[in-house]
Each structure stands twice: as C-alpha cells, then as structure tokens.
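Undergrad: This is the content of input20.cif (mmCIF, C-alpha atoms):
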```cif
data_run
#
loop_
_atom_site.label_atom_id
_atom_site.label_comp_id
_atom_site.auth_asym_id
_atom_site.auth_seq_id
_atom_site.Cartn_x
_atom_site.Cartn_y
_atom_site.Cartn_z
CA THR A 1052 -48.05 9.50 17.44
CA ILE A 1053 -44.60 9.53 19.07
CA SER A 1054 -43.92 10.04 22.77
CA ASP A 1055 -40.64 10.31 24.67
CA LYS A 1056 -40.10 7.66 27.36
CA GLY A 1057 -36.52 8.00 28.53
CA ASP A 1058 -34.27 6.18 26.08
CA THR A 1059 -37.08 4.62 24.07
CA ILE A 1060 -39.80 5.85 21.77
CA THR A 1061 -43.16 4.07 21.64
CA THR A 1062 -45.23 4.52 18.52
CA ALA A 1063 -48.42 3.36 16.93
CA PHE A 1064 -47.65 2.87 13.26
CA ASP A 1065 -50.68 1.05 11.93
CA THR A 1066 -51.23 3.79 9.34
CA ILE A 1067 -47.81 3.20 7.82
CA ARG A 1068 -47.70 -0.58 8.29
CA GLY A 1069 -47.69 -1.07 4.52
CA LYS A 1070 -44.44 0.79 4.16
CA LEU A 1071 -42.83 -1.04 7.04
CA GLU A 1072 -43.56 -4.43 5.39
CA THR A 1073 -40.77 -3.73 2.93
CA THR A 1074 -38.36 -1.30 4.59
CA ASP A 1075 -37.40 0.45 7.81
CA ILE A 1076 -38.07 4.19 8.16
CA SER A 1077 -35.69 6.62 9.88
CA PHE A 1078 -35.91 10.37 10.41
CA ALA A 1079 -34.27 13.07 12.57
CA THR A 1080 -36.00 14.99 15.37
CA ASP A 1081 -34.94 17.26 18.22
CA LEU A 1082 -34.70 14.12 20.32
CA GLY A 1083 -32.25 12.44 17.99
CA THR A 1084 -32.59 9.91 15.17
CA ILE A 1085 -35.70 7.72 15.29
CA VAL A 1086 -35.75 4.40 13.45
CA LEU A 1087 -39.06 2.65 12.78
CA THR A 1088 -38.94 -1.09 12.08
CA ARG A 1089 -41.53 -3.83 12.00
CA ASP A 1090 -41.19 -4.12 15.80
CA LYS A 1091 -43.43 -2.00 18.00
CA VAL A 1092 -40.59 -0.82 20.29
CA LYS A 1093 -38.04 1.42 18.64
CA THR A 1094 -34.59 2.42 19.93
CA LEU A 1095 -33.74 6.10 20.17
CA LYS A 1096 -30.27 6.76 18.80
CA ARG A 1097 -29.09 10.08 20.22
CA SER A 1098 -25.86 11.48 18.77
CA ASP A 1099 -23.30 12.67 21.35
CA ASP A 1100 -23.15 16.17 19.95
CA ARG A 1101 -26.92 16.67 19.94
CA PRO A 1102 -28.22 18.24 23.18
CA PRO A 1103 -31.42 16.93 24.77
CA HIS A 1104 -34.61 18.72 23.74
CA THR A 1105 -35.64 21.55 26.07
CA PRO A 1106 -39.22 22.83 25.79
CA ALA A 1107 -39.53 26.58 25.13
CA PRO A 1108 -40.89 28.68 28.03
CA GLN A 1109 -44.64 29.11 27.83
CA ASN A 1110 -44.47 32.93 27.99
CA ALA A 1111 -41.31 33.53 25.97
CA PRO A 1112 -41.36 36.98 24.31
CA SER A 1113 -41.59 37.19 20.54
CA SER A 1114 -38.26 37.76 18.80
CA ASN A 1115 -39.71 40.80 17.04
CA GLU A 1116 -40.61 42.69 20.21
CA LEU A 1117 -38.56 45.78 21.09
CA THR A 1118 -38.23 47.04 24.66
CA PRO A 1119 -37.27 50.65 25.39
CA ALA A 1120 -33.94 51.21 27.10
CA ALA A 1121 -35.36 54.24 28.94
CA THR A 1122 -38.72 55.94 29.41
CA ILE A 1123 -39.60 59.40 30.74
CA THR A 1124 -43.23 60.05 31.67
CA MET A 1125 -44.16 63.58 30.63
CA ASN A 1126 -47.95 63.76 31.22
CA ALA A 1127 -48.06 66.42 28.52
CA VAL A 1128 -48.70 66.84 24.79
CA ILE A 1129 -45.33 66.65 22.99
CA PRO A 1130 -46.13 67.23 19.30
CA HIS A 1131 -42.52 67.85 18.18
CA ILE A 1132 -39.05 66.62 19.15
CA LEU A 1133 -35.60 67.48 17.73
CA LEU A 1134 -32.04 66.27 18.34
CA SER A 1135 -29.32 68.86 18.83
CA ASP A 1136 -26.50 69.01 16.27
CA ASP A 1137 -24.15 66.98 18.51
CA GLY A 1138 -26.83 64.55 19.68
CA ALA A 1139 -26.34 65.58 23.31
CA TRP A 1140 -29.86 66.95 23.76
CA LEU A 1141 -33.37 65.94 22.75
CA ILE A 1142 -35.44 69.13 22.49
CA LEU A 1143 -39.18 68.90 23.17
CA LEU A 1144 -42.09 71.19 22.44
CA ASN A 1145 -44.32 70.86 25.51
CA ALA A 1146 -47.68 72.14 24.27
CA THR A 1147 -49.48 71.45 27.54
CA GLU A 1148 -47.25 73.58 29.76
CA GLY A 1149 -46.25 76.05 27.06
CA LYS A 1150 -42.49 75.58 27.16
CA LEU A 1151 -39.51 74.32 25.22
CA GLN A 1152 -37.58 71.66 27.15
CA ARG A 1153 -34.60 69.42 26.59
CA ILE A 1154 -33.42 66.04 27.83
CA ALA A 1155 -29.79 64.93 28.12
CA THR A 1156 -29.56 61.90 25.83
CA ALA A 1157 -26.63 60.38 27.77
CA THR A 1158 -28.59 60.17 31.03
CA MET A 1159 -32.18 60.55 29.78
CA LYS A 1160 -32.77 63.18 32.47
CA PRO A 1161 -34.59 66.49 31.86
CA ASP A 1162 -32.66 69.76 32.05
CA ASP A 1163 -33.91 72.27 34.62
CA ASN A 1164 -33.55 75.04 32.03
CA ALA A 1165 -36.73 75.65 29.97
CA ILE A 1166 -37.98 78.37 27.61
CA ALA A 1167 -41.52 79.72 28.00
CA ILE A 1168 -43.46 79.74 24.73
CA SER A 1169 -46.96 80.67 23.63
CA LYS A 1170 -49.62 77.99 23.95
CA ASP A 1171 -50.62 78.91 20.39
CA THR A 1172 -47.28 77.55 19.15
CA ARG A 1173 -48.03 75.50 16.06
CA GLY A 1174 -44.68 73.82 15.61
CA MET A 1175 -40.92 74.10 15.39
CA CYS A 1176 -38.22 73.36 12.88
CA ALA A 1177 -34.44 73.37 12.96
CA SER A 1178 -31.97 74.73 10.45
CA PRO A 1179 -30.20 71.93 8.54
CA ASP A 1180 -27.07 72.42 10.67
CA ARG A 1181 -29.27 72.16 13.79
CA LYS A 1182 -27.74 75.30 15.30
CA THR A 1183 -30.96 77.30 15.24
CA ILE A 1184 -34.52 76.38 16.23
CA HIS A 1185 -37.52 78.28 14.90
CA LEU A 1186 -40.92 78.24 16.60
CA TYR A 1187 -44.07 79.66 15.03
CA THR A 1188 -47.57 80.28 16.33
CA CYS A 1189 -50.90 80.03 14.53
CA PRO A 1190 -53.96 81.99 15.70
CA PRO A 1191 -56.91 79.69 16.51
CA GLY A 1192 -59.50 79.47 13.74
CA SER A 1193 -57.29 81.00 11.07
CA PRO A 1194 -58.72 80.93 7.53
CA VAL A 1195 -56.89 79.57 4.48
CA PRO A 1196 -55.95 81.51 2.42
CA GLY A 1197 -56.05 85.27 2.92
CA ALA A 1198 -54.91 86.42 6.34
CA THR A 1199 -56.23 89.71 7.65
CA PRO A 1200 -54.10 92.27 9.54
CA GLU A 1201 -55.40 91.14 12.93
CA LEU A 1202 -54.11 87.60 12.33
CA LYS A 1203 -50.48 87.46 13.38
CA SER A 1204 -47.95 84.69 13.93
CA THR A 1205 -45.08 85.04 16.36
CA ILE A 1206 -41.70 83.76 15.16
CA THR A 1207 -39.24 82.82 17.91
CA VAL A 1208 -35.60 82.06 17.12
CA VAL A 1209 -33.66 79.94 19.65
CA ASP A 1210 -29.92 79.32 19.76
CA ALA A 1211 -29.66 75.54 20.15
CA ALA A 1212 -26.19 75.55 21.76
CA THR A 1213 -26.99 77.99 24.57
CA PHE A 1214 -30.71 77.16 24.65
CA THR A 1215 -31.66 80.83 24.81
CA VAL A 1216 -34.03 83.01 22.78
CA LYS A 1217 -32.19 85.14 20.22
CA LYS A 1218 -35.21 87.10 19.01
CA SER A 1219 -39.00 87.05 18.77
CA PHE A 1220 -41.24 89.07 16.42
CA ALA A 1221 -44.67 89.01 14.77
CA ILE A 1222 -45.67 88.77 11.10
CA ILE A 1223 -49.08 89.06 9.43
CA CYS A 1224 -49.72 85.41 8.67
CA ALA A 1225 -51.34 82.26 9.96
CA SER A 1226 -48.43 79.78 9.92
CA TYR A 1227 -49.19 76.09 9.35
CA ALA A 1228 -45.79 74.65 8.38
CA ALA A 1229 -42.24 75.96 8.04
CA VAL A 1230 -38.73 74.94 6.95
CA ALA A 1231 -35.52 76.86 7.62
CA ASP A 1232 -32.20 77.21 5.85
CA ASN A 1233 -28.79 77.92 7.41
CA GLU A 1234 -29.03 81.65 6.64
CA GLU A 1235 -31.68 82.45 9.26
CA ARG A 1236 -34.52 82.41 6.73
CA LEU A 1237 -37.83 80.66 7.07
CA PHE A 1238 -40.19 79.45 4.33
CA ILE A 1239 -43.74 79.37 5.69
CA LEU A 1240 -46.79 77.61 4.26
CA GLY A 1241 -49.87 79.36 5.57
CA SER A 1242 -52.32 82.19 5.06
CA PHE A 1243 -50.82 85.54 4.01
CA PRO A 1244 -52.66 88.70 2.89
CA ASP A 1245 -54.00 88.89 -0.68
CA ASN A 1246 -54.60 85.15 -0.90
CA LYS A 1247 -50.90 84.32 -0.83
CA SER A 1248 -50.03 80.89 0.60
CA LEU A 1249 -46.22 80.72 0.65
CA GLY A 1250 -43.88 83.27 2.19
CA LEU A 1251 -40.21 83.79 2.97
CA VAL A 1252 -39.25 85.36 6.30
CA ASP A 1253 -35.84 86.90 6.93
CA THR A 1254 -35.38 86.53 10.69
CA LYS A 1255 -32.40 88.93 10.63
CA LYS A 1256 -34.68 91.69 9.31
CA LYS A 1257 -37.68 90.36 11.28
CA CYS A 1258 -40.04 90.61 8.32
CA VAL A 1259 -41.57 88.82 5.31
CA ILE A 1260 -39.43 89.53 2.25
CA SER A 1261 -41.46 87.70 -0.41
CA VAL A 1262 -44.78 85.89 -0.90
CA TRP A 1263 -46.14 83.70 -3.67
CA THR A 1264 -49.53 82.45 -4.71
CA GLY A 1265 -50.68 79.45 -6.71
CA SER A 1266 -52.60 76.19 -6.46
CA PHE A 1267 -51.03 75.41 -3.10
CA ASP A 1268 -53.59 72.95 -1.83
CA PHE A 1269 -52.93 71.74 1.71
CA ARG A 1270 -54.80 70.66 4.80
CA PRO A 1271 -54.29 73.07 7.72
CA SER A 1272 -54.52 70.13 10.15
CA GLN A 1273 -51.69 68.23 8.41
CA PRO A 1274 -49.58 70.62 6.32
CA ILE A 1275 -46.41 69.33 4.67
CA LEU A 1276 -43.49 71.46 3.53
CA LEU A 1277 -40.09 70.03 2.57
CA PHE A 1278 -36.86 71.22 0.99
CA HIS A 1279 -35.64 69.25 -1.99
CA PRO A 1280 -31.96 68.24 -1.50
CA ASP A 1281 -30.94 70.42 -4.45
CA GLY A 1282 -31.84 73.55 -2.47
CA ALA A 1283 -33.76 75.01 -5.42
CA HIS A 1284 -37.17 73.46 -4.81
CA LEU A 1285 -39.81 73.08 -2.13
CA TYR A 1286 -42.34 70.29 -1.99
CA PHE A 1287 -45.86 70.48 -0.62
CA PRO A 1288 -48.33 67.88 -1.90
CA PRO A 1289 -48.91 67.61 -4.75
CA THR A 1290 -46.64 70.41 -5.96
CA ILE A 1291 -42.94 70.98 -6.51
CA PHE A 1292 -42.28 74.74 -6.20
CA THR A 1293 -39.22 76.23 -7.89
CA ILE A 1294 -37.62 78.81 -5.60
CA PRO A 1295 -36.65 81.97 -7.51
CA PRO A 1296 -32.84 82.14 -7.82
CA GLU A 1297 -32.54 85.31 -5.76
CA TYR A 1298 -34.14 83.58 -2.76
CA ARG A 1299 -32.19 80.31 -2.84
CA SER A 1300 -29.80 79.46 -0.09
CA ARG A 1301 -26.12 79.92 -0.87
CA ASN A 1302 -25.53 76.82 1.22
CA LYS A 1303 -26.79 73.89 -0.87
CA ASN A 1304 -27.18 71.68 2.19
CA VAL A 1305 -30.69 72.83 3.05
CA ALA A 1306 -32.43 69.46 3.19
CA PRO A 1307 -33.65 68.50 6.68
CA SER A 1308 -31.60 65.99 8.58
CA PRO A 1309 -32.66 62.45 7.59
CA SER A 1310 -32.84 61.58 11.27
CA SER A 1311 -36.05 63.62 11.61
CA SER A 1312 -39.35 61.84 11.13
CA GLU A 1313 -41.95 63.17 8.72
CA ARG A 1314 -45.15 62.02 7.05
CA VAL A 1315 -43.45 62.59 3.69
CA LEU A 1316 -39.75 62.01 2.94
CA ILE A 1317 -37.46 62.83 0.03
CA THR A 1318 -34.57 60.42 -0.38
CA PRO A 1319 -31.05 61.90 0.05
CA ASP A 1320 -30.36 61.59 -3.69
CA GLY A 1321 -33.53 63.56 -4.46
CA LYS A 1322 -34.85 60.90 -6.85
CA ALA A 1323 -37.79 59.55 -4.86
CA LEU A 1324 -40.48 60.84 -2.58
CA ILE A 1325 -42.01 58.55 0.02
CA SER A 1326 -45.52 59.00 1.30
CA SER A 1327 -47.53 56.58 3.42
CA GLY A 1328 -48.53 53.72 1.15
CA THR A 1329 -46.79 55.01 -2.00
CA LEU A 1330 -43.33 55.70 -3.40
CA TYR A 1331 -43.11 58.37 -6.10
CA ARG A 1332 -40.31 59.05 -8.57
CA LEU A 1333 -39.40 62.71 -8.89
CA ALA A 1334 -39.00 63.91 -12.44
CA LYS A 1335 -35.76 65.63 -13.35
CA LEU A 1336 -36.01 69.06 -11.78
CA ALA A 1337 -34.83 72.21 -13.52
CA ASP A 1338 -35.61 75.90 -13.43
CA ARG A 1339 -39.13 75.93 -14.75
CA PRO A 1340 -42.56 77.13 -13.66
CA THR A 1341 -44.17 75.57 -10.62
CA GLY A 1342 -45.91 72.35 -11.50
CA ARG A 1343 -46.69 68.80 -10.53
CA GLU A 1344 -43.46 66.98 -11.15
CA ILE A 1345 -44.00 63.59 -9.51
CA GLU A 1346 -45.17 60.23 -10.78
CA ARG A 1347 -46.34 57.17 -8.87
CA ASP A 1348 -43.81 54.33 -8.89
CA GLN A 1349 -44.82 51.56 -6.47
CA ASP A 1350 -46.78 50.69 -3.36
CA PHE A 1351 -44.99 51.40 -0.10
CA VAL A 1352 -45.49 50.47 3.53
CA THR A 1353 -48.27 52.37 5.33
CA TYR A 1354 -47.03 54.54 8.18
CA SER A 1355 -47.80 57.58 10.32
CA ARG A 1356 -44.16 58.72 10.62
CA ALA A 1357 -40.94 57.68 8.92
CA LEU A 1358 -37.27 58.63 8.76
CA ILE A 1359 -34.34 57.81 6.50
CA LEU A 1360 -31.68 55.47 7.93
CA ASP A 1361 -29.35 55.45 4.92
CA ASP A 1362 -29.45 55.65 1.13
CA ASP A 1363 -31.66 52.58 0.75
CA ARG A 1364 -33.43 52.06 4.08
CA CYS A 1365 -36.01 53.88 6.12
CA LEU A 1366 -37.70 53.28 9.45
CA ALA A 1367 -41.47 53.65 9.56
CA ALA A 1368 -43.87 53.75 12.50
CA TRP A 1369 -47.45 52.54 12.26
CA ASN A 1370 -49.59 52.13 15.38
CA ASN A 1371 -47.42 50.01 17.73
CA SER A 1372 -45.06 48.72 15.03
CA LEU A 1373 -41.62 49.78 13.80
CA ILE A 1374 -40.97 48.72 10.21
CA PHE A 1375 -37.53 48.57 8.60
CA ARG A 1376 -38.16 49.10 4.90
CA THR A 1377 -35.84 48.84 1.91
CA ILE A 1378 -36.50 51.73 -0.49
CA SER A 1379 -35.31 50.14 -3.74
CA LYS A 1380 -37.40 46.98 -3.35
CA PRO A 1381 -40.36 45.90 -1.19
CA LEU A 1382 -38.57 44.23 1.74
CA ASN A 1383 -39.99 44.82 5.23
CA HIS A 1384 -38.97 43.70 8.72
CA THR A 1385 -41.51 44.56 11.40
CA PHE A 1386 -40.93 44.93 15.16
CA VAL A 1387 -43.59 45.36 17.83
CA VAL A 1388 -43.23 48.14 20.41
CA PRO A 1389 -45.39 48.62 23.52
CA ILE A 1390 -46.76 52.05 22.53
CA TYR A 1391 -48.03 54.20 19.69
CA ILE A 1392 -45.23 56.28 18.19
CA GLN A 1393 -45.95 59.92 17.38
CA GLN A 1394 -42.55 61.47 16.55
CA MET A 1395 -39.10 59.93 15.97
CA GLU A 1396 -35.51 61.20 16.02
CA TYR A 1397 -32.56 58.96 15.17
CA ASP A 1398 -28.92 59.46 16.22
CA GLN A 1399 -26.75 58.10 13.42
CA ALA A 1400 -23.65 58.02 15.67
CA THR A 1401 -25.07 56.04 18.60
CA LYS A 1402 -27.84 54.17 16.72
CA ALA A 1403 -30.31 55.38 19.34
CA LEU A 1404 -33.95 56.00 18.42
CA PHE A 1405 -35.87 58.59 20.43
CA VAL A 1406 -39.66 58.63 20.20
CA SER A 1407 -42.56 60.54 21.65
CA THR A 1408 -45.43 58.22 22.37
CA ALA A 1409 -49.10 59.04 22.06
CA LYS A 1410 -52.46 58.07 23.47
CA ILE A 1411 -54.64 59.58 20.78
CA ALA A 1412 -57.55 58.80 18.54
CA ASN A 1413 -55.86 60.17 15.42
CA ILE A 1414 -52.20 59.17 15.23
CA ASN A 1415 -51.65 61.57 12.29
CA ASN A 1416 -52.60 64.67 14.27
CA PRO A 1417 -50.01 65.34 17.00
CA MET A 1418 -52.01 68.22 18.46
CA SER A 1419 -54.89 65.85 19.36
CA ALA A 1420 -52.73 63.87 21.80
CA THR A 1421 -53.76 63.51 25.42
CA THR A 1422 -50.43 62.48 26.95
CA SER A 1423 -46.96 61.66 25.67
CA ASP A 1424 -43.94 59.86 27.05
CA ILE A 1425 -40.38 59.97 25.74
CA GLN A 1426 -38.67 56.65 25.06
CA MET A 1427 -35.23 55.63 23.83
CA TYR A 1428 -34.56 52.42 21.87
CA ASP A 1429 -31.11 50.98 21.24
CA LEU A 1430 -31.03 49.91 17.57
CA SER A 1431 -27.28 49.17 17.43
CA THR A 1432 -27.87 45.43 16.99
CA LEU A 1433 -30.55 45.96 14.33
CA VAL A 1434 -29.05 48.71 12.18
CA LYS A 1435 -25.91 47.55 10.39
CA LYS A 1436 -23.46 49.87 8.68
#
```
Do you think you could lay out the structure here as structure tokens?
TA:
Amino acid sequence: TISDKGDTITTAFDTIRGKLETTDISFATDLGTIVLTRDKVKTLKRSDDRPPHTPAPQNAPSSNELTPAATITMNAVIPHILLSDDGAWLILLNATEGKLQRIATATMKPDDNAIAISKDTRGMCASPDRKTIHLYTCPPGSPVPGATPELKSTITVVDAATFTVKKSFAIICASYAAVADNEERLFILGSFPDNKSLGLVDTKKKCVISVWTGSFDFRPSQPILLFHPDGAHLYFPPTIFTIPPEYRSRNKNVAPSPSSSERVLITPDGKALISSGTLYRLAKLADRPTGREIERDQDFVTYSRALILDDDRCLAAWNNSLIFRTISKPLNHTFVVPIYIQQMEYDQATKALFVSTAKIANINNPMSATTSDIQMYDLSTLVKK
C-alpha cells in the first residue's frame, strides 16, 4: 500500500521483502518515480516536467456522452422529419395537431407558417432533389391486400421552397409506404383493388397509372419501400422488384438522400443492404423477373433507425445510444444521448444531426409515440472528412 505524504512515500513492503533483499525496485506513477529500497522510508523523485497528480472530479461526465446543442419541446407526435434541399429548414409532420411545420435550422426556431393536413396522414417522403414533399393518408383499419372503392388515400404535393400545397387528390388505395422520384411520380406500397400491392401514381395526372401484384409480404405497421441507387429496382423485404423500363425515372438519381434515417438502408454503391442486426450483399441486379436477390453477409449493429454518413460509415440509433459503425468491417463507437431517438436527419455541409425524440413503448413504431421533442447535435468534431 502506498500513500502520498508531501515529498515522501511511506510503504509497507513485507510481501516483497524477498525481492528487496537483492535489489531495489523502481516504478513510475502519476506522482513521479518511486524507488523502493531496503529502508522503510522512500524518497519521491518528481521530474520537473511532470505535473502534480490532480484527482478527477467525482461527477465528471463520461467522454462518450453527447449533449444537444439545442432542444425544442413540441408536446406532439412527430413521426417524420425531413431536411430541405439547402438545409435551411427542418420539416416536421405534426400528427397530433394535424399540420406540416418547419423549423429554421440556423436559429432552431419554428416558422409561423404551417400547412393543415389530415389526421389520417400516414407519412411523407421527399423527391431525391428535396424540392417536392409528398404526403399520403391511410384509412383506419385498412385491409391488406385488396382495397375496396370506399377506401381512399389522399395524396398531397407540397412545394418545399415556398412551403405551399401544389395539389391534393384522392386515389383508391390504402397507402402504407411511398417513395418519389424527381418526375412527380410516387411508388406506393399498400392495398389496391384486385389484390394488387404496388402502384405507381402520376401526380401530374392525379391518378394511378400502373399496379403490380406478387408475393409482396410486408407488415402494415412497419412497411419498408426503398429505391435502389440504379433507379431500376425497388426493395421491400425480402424482395427486389424490377421496375418495368417504361416506368423508370429518366433521372437516374432516384435514391433517397443518405442523410435520411430508415430502418433499412442501401449503401450508395448499391452493393449492400443494411438491416438492424444484419448486413446483406445484393446480388448483381439486371433486368429479370422479380425475385429474392439478397444474401446474408455478416452480423451488424442492432438499431431502430440509421443513416449513411459516407461510403463506409453509418450512424445508428438504438434506445438512448448513437453508434458510429464502419460498414466494411465490424468497428463500432458508441455515444450516450439523454433521450430515445425516433427519426434522424443529417446535414452533410454543417455536420449537424437533427433528431425527433420519443417517449414510447415501441421505438420501432413512430405512430405509437406520446410526445416528441426536436434536438440538434453538433457532430463536427466527431465526423471527419
């Protein structure tokens, strides 16, 4: 046992007396260099360039804790958030009050302008260029599949720059998930007439222009629909669907912005698909019939939401943790945050992370939330170029 007494160290060394019979023992500590000899009083030799030891504060925060730079209390269910194309606005779907809102990211203050929406609004999605926002409703208790004429979804198209409604119309469908391209078209996973489960809506014509059927198994409570980066395929677990050539976007950049969080992600190169707990390799895709074209590759970090940071890193949220994960190999770095994260949006330019928090029993079901806050985290010191 060694104790500090000013410039001397007193020690009881009976247990090592045998070693001290033949040699002195010296070792370095935070106090300096300690030399043990056959005497009971030892001299502390402190080097000039070694500062005295200072005990750490008793309540010092952990180095892996993240503190939000700003918080806005909403007292509402916020199941979806989106960043505008220039990063100036964070757009919120306020399900409690039935409105679309936005927050200025520079000041983290809400805009007085809001758009009234139906309380049956199921979700929203942005075009890849983020210039258009699409909202879709889902009638309560809708069956899957096989919508009947009385079941209708309302599609609302919003101009993101002016934050005004461009058009709103109804289709015969129960919409559960949707993705948009840059040509004002919307692929919808849901319940269409005649047992069809996937449809394409032309918002310019305000109608469904094609529907498809197949083994499109999905859970209405947690539907997943993603564009593949090649623009020729859609993914909804466990199927890769080949879009007929006549319905493909002329603009190949149809993949969602990597700054948006999802439960399932496709890497920017289109070679891997990430799902909570598993990374899958996507087989080489070509024009061929719809089929299951994925194979399990490795275990992955468990998460409720995740987003792509760059070609080889993603950011995952699980309970009150943020996990930086390397895609090519299993390297994780975990940070603790003071809340449960529900949705995430990341600004590549400013390295700011925007999240909607949740107080819910089921973190995977945004619509079951009781209240949500909006928080901003500065990741500039954590995310390197």
Undergrad: For atom CA of Lys1203 of chain A and atom CA of Lys1257 of chain A, determine how far apart the two atoms are, in Å to one decimal place.
TA: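 Taking atom CA of Lys1203 of chain A and atom CA of Lys1257 of chain A, their separation equals 13.3 Å.
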Undergrad: Residues of segment 1156-1272 of chain A that approach segment 1277-1299 of chain A to 12 Å or less, counting only C-alpha atoms: could you list each one with the shortest pair of atoms and its distance in Å to one decimal, rows by chain and increasing residue number, as CSV?
TA:
```
residue,atom,partner,partner_atom,distance
A:Cys1176,CA,A:Leu1277,CA,11.0
A:Ser1178,CA,A:Phe1278,CA,11.2
A:Pro1179,CA,A:Phe1278,CA,10.1
A:Tyr1227,CA,A:Phe1287,CA,11.9
A:Ala1228,CA,A:Leu1277,CA,9.4
A:Ala1229,CA,A:Leu1277,CA,8.3
A:Val1230,CA,A:Leu1277,CA,6.7
A:Ala1231,CA,A:Phe1278,CA,8.8
A:Asp1232,CA,A:Phe1278,CA,9.0
A:Asn1233,CA,A:Arg1299,CA,11.1
A:Glu1234,CA,A:Arg1299,CA,10.1
A:Arg1236,CA,A:Tyr1298,CA,9.6
A:Leu1237,CA,A:Tyr1298,CA,10.9
A:Phe1238,CA,A:Leu1285,CA,9.1
A:Ile1239,CA,A:Leu1277,CA,10.5
A:Leu1240,CA,A:Phe1287,CA,8.7
A:Gly1241,CA,A:Phe1287,CA,11.5
A:Ser1248,CA,A:Phe1287,CA,11.3
A:Leu1249,CA,A:Phe1292,CA,9.9
A:Gly1250,CA,A:Tyr1298,CA,10.9
A:Leu1251,CA,A:Tyr1298,CA,8.3
A:Val1252,CA,A:Tyr1298,CA,10.6
A:Asp1253,CA,A:Tyr1298,CA,10.4
A:Ile1260,CA,A:Tyr1298,CA,9.4
A:Ser1261,CA,A:Tyr1298,CA,8.7
A:Val1262,CA,A:Tyr1298,CA,11.0
A:Trp1263,CA,A:Ile1294,CA,10.0
A:Thr1264,CA,A:Phe1292,CA,10.7
A:Gly1265,CA,A:Phe1292,CA,9.6
A:Ser1266,CA,A:Thr1290,CA,8.3
A:Phe1267,CA,A:Thr1290,CA,7.2
A:Asp1268,CA,A:Pro1288,CA,7.3
A:Phe1269,CA,A:Pro1288,CA,7.0
A:Arg1270,CA,A:Pro1288,CA,9.7
```
Undergrad: Have a look at atom CA of Tyr1187 of chain A and atom CA of Leu1324 of chain A and let me know their distance in Å, one decimal.
TA: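 Answer for the atom CA of Tyr1187 of chain A to atom CA of Leu1324 of chain A separation: 26.0 Å.
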Undergrad: Mind giving me the straight-line distance from atom CA of Ala1157 of chain A to atom CA of Ile1142 of chain A in Å, one decimal?
TA: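 We find that atom CA of Ala1157 of chain A and atom CA of Ile1142 of chain A lie 13.5 Å from each other.
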Undergrad: What would the list of residues within 8 Å of (-32.7, 73.5, 28.0) (file frame) look like as an MDAnalysis selection string, if only C-alpha atoms are what count?
TA: chainID A and resid 1142 1151:1154 1162:1166 1214
Undergrad: May I have the selected residues written with C-alpha atoms, as a compact mmCIF listing (two decimals), in the frame of the given file?
TA:
```txt
# COMPACT_ATOMS: atom_id res chain seq x y z
CA ILE A 1142 -35.44 69.13 22.49
CA LEU A 1151 -39.51 74.32 25.22
CA GLN A 1152 -37.58 71.66 27.15
CA ARG A 1153 -34.60 69.42 26.59
CA ILE A 1154 -33.42 66.04 27.83
CA ASP A 1162 -32.66 69.76 32.05
CA ASP A 1163 -33.91 72.27 34.62
CA ASN A 1164 -33.55 75.04 32.03
CA ALA A 1165 -36.73 75.65 29.97
CA ILE A 1166 -37.98 78.37 27.61
CA PHE A 1214 -30.71 77.16 24.65
```
Undergrad: Can you list, as a compact mmCIF listing (two decimals) with C-alpha atoms, in the coordinates of the input, the residues that the PyMOL selection byres ((chain A and resi 1351-1360) around 8) selects here?
TA:
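Output below, filename out_18.txt:
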```txt
# COMPACT_ATOMS: atom_id res chain seq x y z
CA PRO A 1309 -32.66 62.45 7.59
CA SER A 1310 -32.84 61.58 11.27
CA SER A 1311 -36.05 63.62 11.61
CA SER A 1312 -39.35 61.84 11.13
CA GLU A 1313 -41.95 63.17 8.72
CA ARG A 1314 -45.15 62.02 7.05
CA VAL A 1315 -43.45 62.59 3.69
CA LEU A 1316 -39.75 62.01 2.94
CA THR A 1318 -34.57 60.42 -0.38
CA ILE A 1325 -42.01 58.55 0.02
CA SER A 1326 -45.52 59.00 1.30
CA SER A 1327 -47.53 56.58 3.42
CA GLY A 1328 -48.53 53.72 1.15
CA THR A 1329 -46.79 55.01 -2.00
CA LEU A 1330 -43.33 55.70 -3.40
CA GLN A 1349 -44.82 51.56 -6.47
CA ASP A 1350 -46.78 50.69 -3.36
CA ASP A 1361 -29.35 55.45 4.92
CA ASP A 1362 -29.45 55.65 1.13
CA ASP A 1363 -31.66 52.58 0.75
CA ARG A 1364 -33.43 52.06 4.08
CA CYS A 1365 -36.01 53.88 6.12
CA LEU A 1366 -37.70 53.28 9.45
CA ALA A 1367 -41.47 53.65 9.56
CA ALA A 1368 -43.87 53.75 12.50
CA TRP A 1369 -47.45 52.54 12.26
CA ASN A 1370 -49.59 52.13 15.38
CA ARG A 1376 -38.16 49.10 4.90
CA PRO A 1381 -40.36 45.90 -1.19
CA GLN A 1393 -45.95 59.92 17.38
CA GLN A 1394 -42.55 61.47 16.55
CA MET A 1395 -39.10 59.93 15.97
CA GLU A 1396 -35.51 61.20 16.02
CA TYR A 1397 -32.56 58.96 15.17
CA GLN A 1399 -26.75 58.10 13.42
CA ILE A 1414 -52.20 59.17 15.23
CA ASN A 1415 -51.65 61.57 12.29
```
Undergrad: What does the PyMOL selection byres ((chain A and resi 1322) around 9) select in this file, as a list in words?
TA: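 Output of the PyMOL selection byres ((chain A and resi 1322) around 9): Ile1317, Thr1318, Pro1319, Asp1320, Gly1321, Ala1323, Leu1324, Tyr1331, Arg1332, Leu1333, Ala1334 and Lys1335 of chain A.
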Undergrad: I need the residue nearest Asp1424 of chain A from this list: A:Asp1137, A:Asn1145, A:Glu1116, A:Ile1168. Use all atoms listed in the file for the distance.
TA: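 Among the listed residues, A:Asn1145 lies closest to Asp1424 of chain A.
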Undergrad: Run the PyMOL selection byres ((chain A and resi 1209) around 12) mentally over the shown coordinates, then write out the matched residues as JSON, numbers by chain, using the chain letters and numbers from the document.
TA: {"A": [1135, 1142, 1151, 1152, 1165, 1166, 1167, 1168, 1175, 1176, 1177, 1178, 1181, 1182, 1183, 1184, 1185, 1186, 1187, 1206, 1207, 1208, 1210, 1211, 1212, 1213, 1214, 1215, 1216, 1217, 1218, 1219, 1235, 1254]}
Undergrad: Which is closer to Asn1371 of chain A than all the others in A:Ala1409, A:Leu1133, A:Ala1121, A:Ala1400, using only C-alpha atoms?
TA: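 Smallest distance to Asn1371 of chain A is found for A:Ala1409.
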Undergrad: Could you tell me which of A:Lys1402, A:Lys1170, A:Lys1247, A:Lys1255 comes closest to Glu1148 of chain A if we count only C-alpha atoms?
TA: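 Ranking A:Lys1402, A:Lys1170, A:Lys1247, A:Lys1255 by distance to Glu1148 of chain A, first place goes to A:Lys1170.
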Undergrad: Contacts of His1131 of chain A at 7 Å or less, counting all atoms listed in the file, minus same-chain residues fewer than 5 places along, as an MDAnalysis selection string?
TA: chainID A and resid 1143:1144 1174 1394
Undergrad: Here is a test: counting all atoms listed in the file, which residue of A:Ala1225, A:Ala1120, A:Leu1373, A:Leu1433 is nearest to Val1388 of chain A?
TA: A:Leu1373
